[in-house]
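Below is protein20.txt, holding compact mmCIF, N, CA and C atoms.
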```
# COMPACT_ATOMS: atom_id res chain seq x y z
N MET B 25 24.96 20.32 -6.87
CA MET B 25 25.11 19.45 -8.00
C MET B 25 24.24 18.20 -7.81
N THR B 26 23.59 17.78 -8.84
CA THR B 26 22.73 16.60 -8.75
C THR B 26 23.28 15.49 -9.63
N SER B 27 22.97 14.29 -9.26
CA SER B 27 23.39 13.13 -10.03
C SER B 27 22.36 12.82 -11.10
N GLY B 28 22.82 12.38 -12.25
CA GLY B 28 21.91 12.00 -13.32
C GLY B 28 21.23 10.67 -13.06
N ASN B 29 21.68 9.95 -12.02
CA ASN B 29 21.13 8.63 -11.72
C ASN B 29 19.95 8.67 -10.77
N ILE B 30 19.66 9.81 -10.20
CA ILE B 30 18.57 9.91 -9.24
C ILE B 30 17.25 9.91 -10.01
N GLN B 31 16.38 8.99 -9.63
CA GLN B 31 15.06 8.93 -10.27
C GLN B 31 14.00 9.25 -9.22
N MET B 32 13.26 10.27 -9.50
CA MET B 32 12.18 10.65 -8.60
C MET B 32 10.93 9.89 -9.02
N GLY B 33 10.41 9.11 -8.11
CA GLY B 33 9.21 8.33 -8.40
C GLY B 33 7.98 9.11 -7.98
N PRO B 34 6.86 8.43 -7.96
CA PRO B 34 5.61 9.06 -7.53
C PRO B 34 5.69 9.49 -6.07
N ASP B 35 4.90 10.47 -5.74
CA ASP B 35 4.79 10.97 -4.37
C ASP B 35 4.29 9.85 -3.46
N PRO B 36 4.88 9.70 -2.26
CA PRO B 36 4.45 8.63 -1.36
C PRO B 36 2.95 8.64 -1.06
N ASP B 37 2.35 9.83 -0.96
CA ASP B 37 0.90 9.90 -0.72
C ASP B 37 0.12 9.32 -1.91
N GLN B 38 0.62 9.58 -3.12
CA GLN B 38 -0.03 9.02 -4.31
C GLN B 38 0.10 7.50 -4.32
N ILE B 39 1.26 7.01 -3.93
CA ILE B 39 1.48 5.57 -3.90
C ILE B 39 0.52 4.92 -2.90
N LEU B 40 0.40 5.53 -1.73
CA LEU B 40 -0.46 4.98 -0.70
C LEU B 40 -1.92 4.93 -1.16
N GLU B 41 -2.39 6.00 -1.76
CA GLU B 41 -3.77 6.03 -2.25
C GLU B 41 -3.96 5.01 -3.38
N ALA B 42 -2.96 4.88 -4.25
CA ALA B 42 -3.04 3.91 -5.34
C ALA B 42 -3.09 2.48 -4.77
N LEU B 43 -2.27 2.22 -3.76
CA LEU B 43 -2.27 0.90 -3.12
C LEU B 43 -3.63 0.59 -2.51
N LYS B 44 -4.19 1.55 -1.81
CA LYS B 44 -5.50 1.34 -1.20
C LYS B 44 -6.55 1.03 -2.25
N SER B 45 -6.51 1.75 -3.36
CA SER B 45 -7.46 1.51 -4.45
C SER B 45 -7.28 0.12 -5.05
N LEU B 46 -6.03 -0.24 -5.29
CA LEU B 46 -5.74 -1.56 -5.85
C LEU B 46 -6.22 -2.66 -4.91
N LEU B 47 -5.97 -2.51 -3.62
CA LEU B 47 -6.36 -3.54 -2.65
C LEU B 47 -7.87 -3.65 -2.50
N ARG B 48 -8.59 -2.55 -2.71
CA ARG B 48 -10.06 -2.62 -2.68
C ARG B 48 -10.56 -3.48 -3.83
N GLU B 49 -9.91 -3.40 -4.97
CA GLU B 49 -10.34 -4.14 -6.14
C GLU B 49 -9.72 -5.53 -6.22
N ASP B 50 -8.53 -5.71 -5.63
CA ASP B 50 -7.81 -6.98 -5.73
C ASP B 50 -7.07 -7.23 -4.42
N SER B 51 -7.77 -7.80 -3.46
CA SER B 51 -7.16 -8.04 -2.16
C SER B 51 -6.02 -9.06 -2.24
N GLY B 52 -6.00 -9.86 -3.29
CA GLY B 52 -4.93 -10.82 -3.49
C GLY B 52 -3.58 -10.18 -3.78
N ALA B 53 -3.60 -8.90 -4.13
CA ALA B 53 -2.34 -8.19 -4.40
C ALA B 53 -1.44 -8.20 -3.17
N ARG B 54 -2.04 -8.29 -2.00
CA ARG B 54 -1.27 -8.35 -0.74
C ARG B 54 -0.31 -9.52 -0.70
N GLN B 55 -0.69 -10.61 -1.35
CA GLN B 55 0.10 -11.84 -1.31
C GLN B 55 1.19 -11.89 -2.37
N ARG B 56 1.17 -10.95 -3.31
CA ARG B 56 2.16 -10.95 -4.39
C ARG B 56 3.41 -10.19 -3.97
N PRO B 57 4.53 -10.50 -4.62
CA PRO B 57 5.76 -9.75 -4.33
C PRO B 57 5.58 -8.26 -4.63
N ALA B 58 6.27 -7.43 -3.86
CA ALA B 58 6.14 -5.98 -4.00
C ALA B 58 6.49 -5.50 -5.40
N GLY B 59 7.45 -6.17 -6.05
CA GLY B 59 7.81 -5.78 -7.42
C GLY B 59 6.64 -5.95 -8.38
N GLU B 60 5.90 -7.03 -8.22
CA GLU B 60 4.72 -7.26 -9.06
C GLU B 60 3.65 -6.21 -8.77
N VAL B 61 3.47 -5.89 -7.49
CA VAL B 61 2.46 -4.90 -7.12
C VAL B 61 2.84 -3.54 -7.71
N SER B 62 4.13 -3.19 -7.66
CA SER B 62 4.60 -1.93 -8.23
C SER B 62 4.26 -1.85 -9.71
N GLU B 63 4.52 -2.94 -10.42
CA GLU B 63 4.21 -2.99 -11.85
C GLU B 63 2.71 -2.89 -12.09
N GLU B 64 1.93 -3.57 -11.25
CA GLU B 64 0.47 -3.57 -11.40
C GLU B 64 -0.11 -2.17 -11.20
N LEU B 65 0.48 -1.40 -10.31
CA LEU B 65 -0.02 -0.04 -10.07
C LEU B 65 0.06 0.81 -11.33
N VAL B 66 1.08 0.58 -12.14
CA VAL B 66 1.22 1.30 -13.41
C VAL B 66 0.34 0.67 -14.48
N ARG B 67 0.42 -0.66 -14.59
CA ARG B 67 -0.34 -1.37 -15.62
C ARG B 67 -1.84 -1.10 -15.50
N ALA B 68 -2.34 -1.04 -14.27
CA ALA B 68 -3.78 -0.84 -14.05
C ALA B 68 -4.17 0.65 -14.09
N GLY B 69 -3.19 1.52 -14.25
CA GLY B 69 -3.49 2.94 -14.41
C GLY B 69 -3.60 3.73 -13.11
N TYR B 70 -3.20 3.15 -12.00
CA TYR B 70 -3.26 3.87 -10.73
C TYR B 70 -2.16 4.92 -10.63
N LEU B 71 -1.01 4.63 -11.25
CA LEU B 71 0.13 5.54 -11.24
C LEU B 71 0.73 5.61 -12.64
N ARG B 72 1.41 6.71 -12.94
CA ARG B 72 2.08 6.85 -14.23
C ARG B 72 3.49 6.27 -14.20
N GLN B 73 4.14 6.35 -13.03
CA GLN B 73 5.48 5.83 -12.87
C GLN B 73 5.47 4.69 -11.88
N GLU B 74 6.33 3.70 -12.10
CA GLU B 74 6.42 2.58 -11.18
C GLU B 74 7.14 3.01 -9.91
N PRO B 75 6.53 2.78 -8.76
CA PRO B 75 7.17 3.13 -7.51
C PRO B 75 8.24 2.10 -7.12
N ASP B 76 9.12 2.51 -6.24
CA ASP B 76 10.16 1.62 -5.73
C ASP B 76 9.50 0.45 -5.00
N PRO B 77 9.81 -0.78 -5.38
CA PRO B 77 9.20 -1.94 -4.72
C PRO B 77 9.47 -1.99 -3.21
N VAL B 78 10.61 -1.49 -2.78
CA VAL B 78 10.92 -1.48 -1.34
C VAL B 78 9.91 -0.59 -0.61
N LEU B 79 9.62 0.57 -1.19
CA LEU B 79 8.64 1.47 -0.59
C LEU B 79 7.25 0.84 -0.60
N VAL B 80 6.90 0.19 -1.68
CA VAL B 80 5.61 -0.49 -1.78
C VAL B 80 5.50 -1.57 -0.71
N ALA B 81 6.56 -2.34 -0.51
CA ALA B 81 6.55 -3.39 0.52
C ALA B 81 6.34 -2.79 1.90
N GLU B 82 7.03 -1.68 2.18
CA GLU B 82 6.87 -1.03 3.48
C GLU B 82 5.45 -0.51 3.67
N MET B 83 4.88 0.04 2.62
CA MET B 83 3.52 0.57 2.72
C MET B 83 2.51 -0.57 2.90
N LEU B 84 2.71 -1.67 2.19
CA LEU B 84 1.82 -2.82 2.35
C LEU B 84 1.88 -3.34 3.78
N ASP B 85 3.08 -3.41 4.34
CA ASP B 85 3.23 -3.85 5.74
C ASP B 85 2.52 -2.87 6.68
N GLY B 86 2.69 -1.58 6.41
CA GLY B 86 2.03 -0.57 7.24
C GLY B 86 0.52 -0.67 7.19
N LEU B 87 -0.02 -0.89 5.99
CA LEU B 87 -1.47 -1.04 5.85
C LEU B 87 -1.97 -2.28 6.57
N GLU B 88 -1.21 -3.36 6.47
CA GLU B 88 -1.61 -4.60 7.14
C GLU B 88 -1.58 -4.41 8.66
N ASN B 89 -0.54 -3.76 9.16
CA ASN B 89 -0.45 -3.50 10.60
C ASN B 89 -1.60 -2.61 11.07
N GLU B 90 -1.94 -1.62 10.26
CA GLU B 90 -3.05 -0.71 10.60
C GLU B 90 -4.36 -1.48 10.67
N GLU B 91 -4.59 -2.37 9.69
CA GLU B 91 -5.82 -3.16 9.68
C GLU B 91 -5.88 -4.10 10.87
N ASN B 92 -4.74 -4.73 11.19
CA ASN B 92 -4.71 -5.63 12.34
C ASN B 92 -4.99 -4.88 13.64
N SER B 93 -4.49 -3.68 13.75
CA SER B 93 -4.72 -2.86 14.93
C SER B 93 -6.20 -2.49 15.05
N LEU B 94 -6.81 -2.14 13.92
CA LEU B 94 -8.23 -1.79 13.93
C LEU B 94 -9.09 -3.00 14.29
N GLN B 95 -8.72 -4.17 13.79
CA GLN B 95 -9.47 -5.39 14.12
C GLN B 95 -9.34 -5.71 15.60
N ALA B 96 -8.16 -5.53 16.14
CA ALA B 96 -7.95 -5.79 17.58
C ALA B 96 -8.78 -4.82 18.41
N ASP B 97 -8.84 -3.56 17.99
CA ASP B 97 -9.66 -2.57 18.71
C ASP B 97 -11.14 -2.96 18.67
N GLU B 98 -11.60 -3.43 17.51
CA GLU B 98 -13.01 -3.83 17.38
C GLU B 98 -13.31 -5.02 18.29
N LEU B 99 -12.42 -5.99 18.31
CA LEU B 99 -12.62 -7.16 19.17
C LEU B 99 -12.63 -6.75 20.64
N TYR B 100 -11.78 -5.83 21.01
CA TYR B 100 -11.73 -5.35 22.38
C TYR B 100 -13.04 -4.67 22.76
N ARG B 101 -13.53 -3.80 21.84
CA ARG B 101 -14.78 -3.08 22.12
C ARG B 101 -15.97 -4.02 22.19
N GLU B 102 -15.97 -5.08 21.37
CA GLU B 102 -17.06 -6.05 21.41
C GLU B 102 -17.11 -6.78 22.75
N GLY B 103 -15.96 -7.00 23.34
CA GLY B 103 -15.89 -7.70 24.61
C GLY B 103 -16.06 -6.79 25.81
N ASP B 104 -16.04 -5.48 25.60
CA ASP B 104 -16.15 -4.51 26.68
C ASP B 104 -17.62 -4.07 26.80
N PRO B 105 -18.26 -4.36 27.92
CA PRO B 105 -19.69 -4.04 28.07
C PRO B 105 -19.98 -2.55 28.26
N THR B 106 -18.97 -1.69 28.37
CA THR B 106 -19.23 -0.26 28.61
C THR B 106 -19.56 0.48 27.40
```

Spit out the file's structure as structure tokens when you get a sec.
Amino acid sequence: MTSGNIQMGPDPDQILEALKSLLREDSGARQRPAGEVSEELVRAGYLRQEPDPVLVAEMLDGLENEENSLQADELYREGDPT
């Protein structure tokens, strides 16, 4: 039995790709609340359905952590003469 209140949003992979696209065009989206970013993903045509803002916030954090890790790796390699 399923509940009529369950809303299936966009696939997480679609959300992630949409976020990456949005951030390429508008890096300032990172600084906005996740609810606004969720709405923007639909308004700008990246997604048909608005994703859960909590999921968007988690994905934004994950992308930021990934970028920070890549930057740290680059700095390490620049300082390593090998």

Requested in this report: Write out as a VMD selection string the residues lying within 7 Å of segment 67-76 of chain B, counting all atoms listed in the file and excluding same-chain residues fewer than 3 positions away.
Outcome: chain B and resid 33 to 34 42 58 to 59 62 to 64 79 to 81

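Put simply, atom C of Pro77 of chain B is 7.5 Å away from atom C of Pro57 of chain B.
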
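Rounded to one decimal, atom N of Leu84 of chain B and atom N of Leu40 of chain B lie 8.5 Å from each other.
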
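Candidate residues B:Glu90, B:Ile39, B:Met83, B:Tyr100 were compared for distance to Val66 of chain B, and the nearest is B:Ile39, using only C-alpha atoms.
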
With 4 Å of padding per side, what axis-aligned box (centre and edge lengths, Å, one decimal) covers all the listed atoms of segment 70-86 of chain B? Give it as JSON.
```
{"center_x": 3.8, "center_y": 1.5, "center_z": -3.5, "size_x": 22.2, "size_y": 18.7, "size_z": 29.5}
```

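Here atom C of Glu88 of chain B stands at a distance of 21.7 Å from atom N of Asp35 of chain B.
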
Query - Expected answer as an NGL selection string: alpha helix (DSSP H) residues in chain B - result: :B and (36-49 or 58-67 or 77-103)

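Closest to Val61 of chain B among B:Leu43, B:Glu49, B:Met32, B:Glu102 is B:Leu43, based on only C-alpha atoms.
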